[in-house]
>>> print(open('query_20.cif').read())   # mmCIF, C-alpha atoms
data_model
loop_
_atom_site.label_atom_id
_atom_site.label_comp_id
_atom_site.auth_asym_id
_atom_site.auth_seq_id
_atom_site.Cartn_x
_atom_site.Cartn_y
_atom_site.Cartn_z
CA MET A 1 145.94 88.37 114.05
CA LEU A 2 148.90 89.77 115.97
CA LYS A 3 151.84 90.65 113.73
CA HIS A 4 155.15 89.79 115.34
CA ARG A 5 157.89 92.39 115.21
CA ILE A 6 161.64 92.43 114.63
CA ILE A 7 163.00 95.46 116.46
CA PRO A 8 166.57 96.79 116.16
CA ILE A 9 167.91 98.00 119.50
CA VAL A 10 170.50 100.77 119.40
CA LEU A 11 172.57 101.52 122.49
CA ILE A 12 174.16 104.93 122.97
CA ASP A 13 176.33 106.61 125.60
CA GLY A 14 174.73 110.00 125.22
CA PHE A 15 175.51 110.84 121.61
CA SER A 16 177.47 107.90 120.14
CA VAL A 17 176.25 104.43 119.22
CA LEU A 18 177.81 101.57 121.17
CA LYS A 19 177.82 97.83 120.90
CA THR A 20 178.42 96.07 124.16
CA ILE A 21 178.94 92.54 125.39
CA LYS A 22 176.96 91.89 128.56
CA PHE A 23 176.69 95.69 128.89
CA ASP A 24 180.41 95.77 129.72
CA THR A 25 182.92 95.54 126.85
CA ARG A 26 182.16 98.50 124.58
CA ARG A 27 182.77 99.27 120.94
CA ASN A 28 181.97 102.67 119.42
CA LEU A 29 179.95 102.50 116.20
CA GLY A 30 179.51 106.18 115.40
CA SER A 31 176.52 108.49 115.04
CA PRO A 32 172.97 107.50 116.05
CA ILE A 33 171.64 109.58 113.14
CA THR A 34 173.66 107.53 110.66
CA VAL A 35 172.48 104.27 112.20
CA LEU A 36 168.87 105.47 112.20
CA ARG A 37 169.08 106.40 108.51
CA THR A 38 170.29 102.90 107.71
CA TYR A 39 167.38 101.30 109.51
CA GLU A 40 164.97 103.75 107.93
CA THR A 41 165.98 102.54 104.47
CA ARG A 42 165.41 98.95 105.59
CA ASN A 43 161.78 99.58 106.58
CA VAL A 44 162.14 98.16 110.08
CA ASP A 45 159.02 97.61 112.18
CA GLU A 46 160.18 100.05 114.85
CA LEU A 47 163.35 101.15 116.61
CA ILE A 48 164.42 101.17 120.26
CA MET A 49 167.24 103.50 121.31
CA LEU A 50 168.58 103.26 124.86
CA ASP A 51 171.10 105.55 126.54
CA ILE A 52 172.89 103.11 128.84
CA ASN A 53 174.90 105.86 130.58
CA ALA A 54 171.96 108.10 131.45
CA SER A 55 170.97 106.59 134.81
CA LEU A 56 174.58 106.20 135.87
CA GLU A 57 175.19 109.88 135.10
CA ASP A 58 171.89 110.97 136.68
CA ARG A 59 170.44 112.48 133.52
CA CYS A 60 167.64 111.73 131.08
CA PHE A 61 167.79 110.70 127.42
CA ASP A 62 168.51 113.92 125.54
CA GLN A 63 165.30 115.42 124.13
CA TRP A 64 167.21 117.42 121.51
CA LEU A 65 168.63 114.18 120.15
CA VAL A 66 165.08 112.84 119.99
CA GLU A 67 164.04 115.89 117.96
CA GLU A 68 166.91 115.29 115.53
CA LEU A 69 166.12 111.59 115.28
CA SER A 70 162.38 112.06 114.82
CA SER A 71 162.91 114.60 112.04
CA GLU A 72 164.28 111.74 109.92
CA CYS A 73 162.38 108.84 111.43
CA PHE A 74 159.11 107.55 109.97
CA MET A 75 159.01 104.34 112.02
CA PRO A 76 157.80 104.12 115.64
CA LEU A 77 160.60 105.21 117.98
CA THR A 78 161.04 104.13 121.60
CA VAL A 79 163.69 105.86 123.71
CA GLY A 80 164.93 105.11 127.19
CA GLY A 81 167.56 106.04 129.70
CA GLY A 82 167.43 107.91 133.01
CA ILE A 83 163.70 108.69 132.85
CA LYS A 84 162.28 109.40 136.30
CA SER A 85 159.50 111.98 135.95
CA CYS A 86 156.34 112.59 133.96
CA ARG A 87 157.76 115.91 132.81
CA GLU A 88 160.72 114.11 131.22
CA ILE A 89 158.33 111.72 129.48
CA GLU A 90 156.28 114.65 128.20
CA ASN A 91 159.43 116.31 126.85
CA LEU A 92 160.53 113.14 125.04
CA LEU A 93 157.10 112.48 123.54
CA SER A 94 156.77 116.12 122.50
CA ALA A 95 160.20 115.86 120.85
CA GLY A 96 158.96 113.00 118.68
CA ALA A 97 159.30 109.72 120.59
CA ASP A 98 156.33 107.37 120.34
CA LYS A 99 157.08 105.40 123.52
CA VAL A 100 159.48 105.53 126.44
CA SER A 101 161.35 102.64 128.00
CA ILE A 102 161.83 102.81 131.76
CA ASN A 103 164.26 100.54 133.59
CA THR A 104 165.80 101.77 136.85
CA SER A 105 162.78 103.82 137.92
CA ALA A 106 160.57 100.78 137.35
CA LEU A 107 162.61 99.10 140.10
CA THR A 108 162.71 102.02 142.52
CA ASP A 109 159.52 104.04 142.08
CA LEU A 110 156.33 102.22 141.12
CA THR A 111 154.30 105.29 142.08
CA PHE A 112 155.96 107.10 139.19
CA ILE A 113 155.19 104.20 136.82
CA ASN A 114 151.53 104.30 137.85
CA GLU A 115 151.41 108.06 137.33
CA ALA A 116 153.04 107.74 133.90
CA VAL A 117 150.53 105.11 132.78
CA VAL A 118 147.59 107.25 133.95
CA GLU A 119 148.93 110.44 132.33
CA PHE A 120 150.20 109.09 129.01
CA GLY A 121 148.42 105.76 128.59
CA SER A 122 149.72 102.21 128.78
CA GLN A 123 150.66 102.21 125.10
CA CYS A 124 153.40 104.79 125.74
CA ILE A 125 155.13 103.01 128.64
CA VAL A 126 157.57 100.13 128.13
CA ALA A 127 158.92 98.46 131.25
CA SER A 128 162.52 97.44 130.58
CA VAL A 129 163.89 94.61 132.72
CA ASP A 130 167.46 93.32 132.45
CA VAL A 131 167.81 89.76 133.71
CA PHE A 132 170.44 87.07 134.15
CA ALA A 133 169.84 83.53 132.95
CA ALA A 134 169.59 82.59 136.63
CA GLU A 135 166.28 84.51 136.56
CA GLN A 136 167.70 87.42 138.53
CA ILE A 137 167.29 91.12 137.83
CA TYR A 138 170.42 93.01 136.85
CA ASN A 139 170.88 96.73 137.42
CA LYS A 140 174.15 98.61 137.88
CA ARG A 141 172.61 101.32 140.05
CA ILE A 142 170.92 99.05 142.56
CA SER A 143 172.98 96.78 144.80
CA LYS A 144 170.02 94.67 145.92
CA THR A 145 167.31 94.11 143.34
CA PRO A 146 163.88 92.62 144.06
CA ASN A 147 162.81 89.08 143.25
CA LEU A 148 162.03 88.87 139.52
CA ALA A 149 158.62 87.21 139.88
CA ASP A 150 157.53 89.70 142.54
CA HIS A 151 158.76 92.62 140.45
CA LEU A 152 156.77 91.47 137.42
CA ILE A 153 153.62 91.04 139.51
CA ARG A 154 153.95 94.63 140.71
CA LEU A 155 154.61 95.91 137.19
CA ASN A 156 151.61 93.97 135.86
CA ASP A 157 149.51 95.81 138.43
CA CYS A 158 150.82 99.09 137.01
CA ASP A 159 149.34 98.17 133.62
CA VAL A 160 152.40 99.10 131.55
CA GLY A 161 151.93 98.62 127.81
CA GLU A 162 154.68 96.10 127.12
CA TYR A 163 157.91 94.65 128.44
CA LEU A 164 161.44 94.72 127.07
CA PHE A 165 163.44 91.85 128.55
CA CYS A 166 167.20 91.70 127.97
CA ASP A 167 169.16 88.60 128.92
CA VAL A 168 172.37 90.25 130.11
CA SER A 169 174.26 86.94 130.16
CA ARG A 170 173.85 86.74 126.37
CA GLU A 171 173.68 90.42 125.38
CA GLY A 172 176.07 91.11 122.51
CA THR A 173 177.40 87.53 122.41
CA MET A 174 175.46 86.19 119.39
CA LEU A 175 175.51 82.77 121.11
CA GLY A 176 171.82 82.15 120.53
CA PRO A 177 168.89 83.08 122.77
CA ASP A 178 167.81 81.30 125.95
CA LEU A 179 164.43 80.00 124.82
CA LYS A 180 163.57 78.63 128.26
CA LEU A 181 164.17 82.00 129.88
CA ALA A 182 162.22 83.81 127.16
CA LYS A 183 159.21 81.55 127.68
CA LEU A 184 159.41 81.92 131.46
CA LEU A 185 159.38 85.72 131.15
CA ALA A 186 156.57 85.75 128.58
CA GLU A 187 154.42 83.55 130.81
CA GLN A 188 154.75 85.89 133.78
CA THR A 189 152.98 88.82 132.18
CA PRO A 190 149.78 89.16 130.12
CA LYS A 191 151.27 92.09 128.18
CA PRO A 192 153.29 91.94 124.94
CA THR A 193 156.92 91.00 125.51
CA ILE A 194 160.07 91.90 123.59
CA TYR A 195 163.05 89.60 124.19
CA ALA A 196 166.65 90.60 123.43
CA GLY A 197 169.91 88.76 123.94
CA GLY A 198 172.04 86.35 121.92
CA VAL A 199 170.27 86.43 118.54
CA SER A 200 172.75 85.27 115.90
CA GLN A 201 170.64 84.28 112.88
CA PRO A 202 167.13 84.83 111.53
CA SER A 203 165.89 81.43 112.72
CA ASP A 204 166.59 82.51 116.31
CA CYS A 205 163.84 85.11 115.95
CA SER A 206 161.38 82.49 114.78
CA ASP A 207 162.38 80.16 117.62
CA LEU A 208 161.83 82.90 120.18
CA ILE A 209 158.31 83.48 118.91
CA GLU A 210 157.35 79.83 118.37
CA VAL A 211 159.09 78.29 121.39
CA GLY A 212 159.77 81.28 123.64
CA LYS A 213 156.25 82.64 123.11
CA VAL A 214 157.43 86.26 122.93
CA ASP A 215 155.62 88.84 120.83
CA ALA A 216 158.66 90.63 119.41
CA VAL A 217 162.41 90.14 119.16
CA GLY A 218 164.97 92.83 119.85
CA CYS A 219 168.20 92.52 117.85
CA SER A 220 171.43 94.45 117.71
CA SER A 221 174.74 92.66 117.03
CA ILE A 222 173.27 90.53 114.25
CA PHE A 223 172.58 93.71 112.25
CA HIS A 224 175.89 95.39 113.09
CA PHE A 225 178.30 92.49 112.58
CA THR A 226 176.70 90.08 110.09
CA ASN A 227 175.12 90.40 106.66
CA PHE A 228 171.67 89.56 108.01
CA THR A 229 169.04 92.30 107.80
CA PRO A 230 165.68 92.84 109.51
CA GLU A 231 164.03 91.72 106.27
CA ASP A 232 165.90 88.39 106.47
CA CYS A 233 164.46 87.88 109.94
CA ARG A 234 160.94 88.80 108.81
CA SER A 235 161.23 86.47 105.83
CA ASN A 236 162.21 83.60 108.12
CA LEU A 237 159.14 84.26 110.25
CA GLN A 238 156.88 84.32 107.21
CA GLY A 239 158.50 81.18 105.82
CA ARG A 240 157.58 79.35 109.00
CA GLY A 241 154.01 80.61 108.93
CA ILE A 242 154.47 83.17 111.70
CA PRO A 243 152.46 86.38 111.15
CA ALA A 244 154.96 89.21 110.62
CA ARG A 245 154.83 92.77 109.43
CA ARG A 246 155.82 93.23 105.82
CA GLY A 247 158.87 95.35 105.03
#
>>> encode(input="query_20.cif", output="structure tokens")
Amino acid sequence: MLKHRIIPIVLIDGFSVLKTIKFDTRRNLGSPITVLRTYETRNVDELIMLDINASLEDRCFDQWLVEELSSECFMPLTVGGGIKSCREIENLLSAGADKVSINTSALTDLTFINEAVVEFGSQCIVASVDVFAAEQIYNKRISKTPNLADHLIRLNDCDVGEYLFCDVSREGTMLGPDLKLAKLLAEQTPKPTIYAGGVSQPSDCSDLIEVGKVDAVGCSSIFHFTNFTPEDCRSNLQGRGIPARRG
């Protein structure tokens, strides 16, 4: 039976950890190595680290940072930010990443996504899609984004391994997730889905899996600014009879 995952998401601006609200208001939280060590001690299911400045600055997630992270990381590590070539993916995987998350290039260059899936396998490629509650795609680099449903159909054809959906309208707010949106997104793809945005308490994770039908929940602010831990979220899942990985 599928084990549902609780996945911390760490945002960086190159070399420092950030916490944002709707990817706009920013707060610096220090070193990614320090944050990774904390999650390592908490036996999290896996970790996603995204460089949210990389595409804007026309660069890729730093492979040397991946090497430093992977030297202390024993959990699966997904990294993303500015990736636009198979060579960059190869460098990141060789440096120690287990998967790569691709956002902007998944909107602009599906040929590249197809090539990446063929070369590295579906299991290595995560399609990251930022959306608004109005079911629209959000991307700072692209003034006119495609229709969400059409975009997901094209990505499904690419056979990516899983999807990371972030509800930008709730990102960093801890106002609770949009269960209707989560379910809509999960229903539009046959692949595993990770939903992030608005989680404020462990029961939100269970609601997203039971009602929103997602496979995994991405969390950030709840672990930075409350006393809740990934284990609290897993325990809530288990208490409600939802299969979850043990810490």
>>> closest_residue(input="query_20.cif", among="A:Pro76, A:Gly212, A:Gly96, A:Gly82", to="Trp64 (chain A)", atoms="all atoms listed in the file")
A:Gly96
>>> resolve_selection(input="query_20.cif", expression="the PyMOL selection byres ((chain A and resi 109-114) around 9)", output="CSV table (one decimal) with C-alpha atoms, keeping the file's coordinate frame")
chain,number,residue,atom,x,y,z
A,84,LYS,CA,162.3,109.4,136.3
A,85,SER,CA,159.5,112.0,136.0
A,86,CYS,CA,156.3,112.6,134.0
A,102,ILE,CA,161.8,102.8,131.8
A,104,THR,CA,165.8,101.8,136.8
A,105,SER,CA,162.8,103.8,137.9
A,106,ALA,CA,160.6,100.8,137.4
A,107,LEU,CA,162.6,99.1,140.1
A,108,THR,CA,162.7,102.0,142.5
A,115,GLU,CA,151.4,108.1,137.3
A,116,ALA,CA,153.0,107.7,133.9
A,117,VAL,CA,150.5,105.1,132.8
A,118,VAL,CA,147.6,107.2,134.0
A,119,GLU,CA,148.9,110.4,132.3
A,125,ILE,CA,155.1,103.0,128.6
A,127,ALA,CA,158.9,98.5,131.2
A,154,ARG,CA,154.0,94.6,140.7
A,155,LEU,CA,154.6,95.9,137.2
A,157,ASP,CA,149.5,95.8,138.4
A,158,CYS,CA,150.8,99.1,137.0
A,159,ASP,CA,149.3,98.2,133.6
A,160,VAL,CA,152.4,99.1,131.6
>>> atom_distance(input="query_20.cif", atom1="CA of Asn28 (chain A)", atom2="CA of Ile222 (chain A)")
15.8 Å
>>> resolve_selection(input="query_20.cif", expression="the PyMOL selection byres ((chain A and resi 236) around 12)", output="number ranges by chain")
A: 4, 6, 201-207, 209-210, 228-235, 237-246
>>> resolve_selection(input="query_20.cif", expression="the PyMOL selection byres ((chain A and resi 35) around 12)", output="PyMOL selection string")
chain A and resi 8-12+15-18+29-34+36-42+47-49+69+72-73+220+223-224
>>> residues_around(input="query_20.cif", residues="region 164-167 of chain A", least_positions_apart="4", cutoff="9 Å", atoms="all atoms listed in the file", output="list in words")
Lys22, Ser101, Val126, Ala127, Ser128, Val129, Asp130, Val131, Phe132, Ala133, Glu171, Pro177, Asp178, Leu181, Ala182, Leu185, Pro192, Thr193, Ile194, Tyr195, Ala196, Gly197, Gly198 and Gly218 of chain A
>>> axis_aligned_box(input="query_20.cif", around="region 91-102 of chain A", padding_each_side="5 Å", output="AutoDock Vina command-line options")
--center_x 159.1 --center_y 109.5 --center_z 125.2 --size_x 15.5 --size_y 23.7 --size_z 23.1
>>> closest_residue(input="query_20.cif", among="A:Gly14, A:Gly176, A:Gly121, A:Pro190", to="Val79 (chain A)", atoms="only C-alpha atoms")
A:Gly14
>>> atom_distance(input="query_20.cif", atom1="CA of Leu179 (chain A)", atom2="CA of Glu46 (chain A)")
22.8 Å
>>> closest_residue(input="query_20.cif", among="A:Ser221, A:Ser55, A:Phe120, A:Gln63", to="Thr173 (chain A)", atoms="only C-alpha atoms")
A:Ser221
>>> atom_distance(input="query_20.cif", atom1="CA of Gly80 (chain A)", atom2="CA of Phe61 (chain A)")
6.3 Å
>>> residues_around(input="query_20.cif", residues="region 93-95 of chain A", least_positions_apart="6", cutoff="9 Å", atoms="all atoms listed in the file", output="ChimeraX atom specification")
/A:63-68,70,124
>>> closest_residue(input="query_20.cif", among="A:Leu148, A:Val211, A:Ala97, A:Ile89", to="Lys183 (chain A)", atoms="only C-alpha atoms")
A:Val211
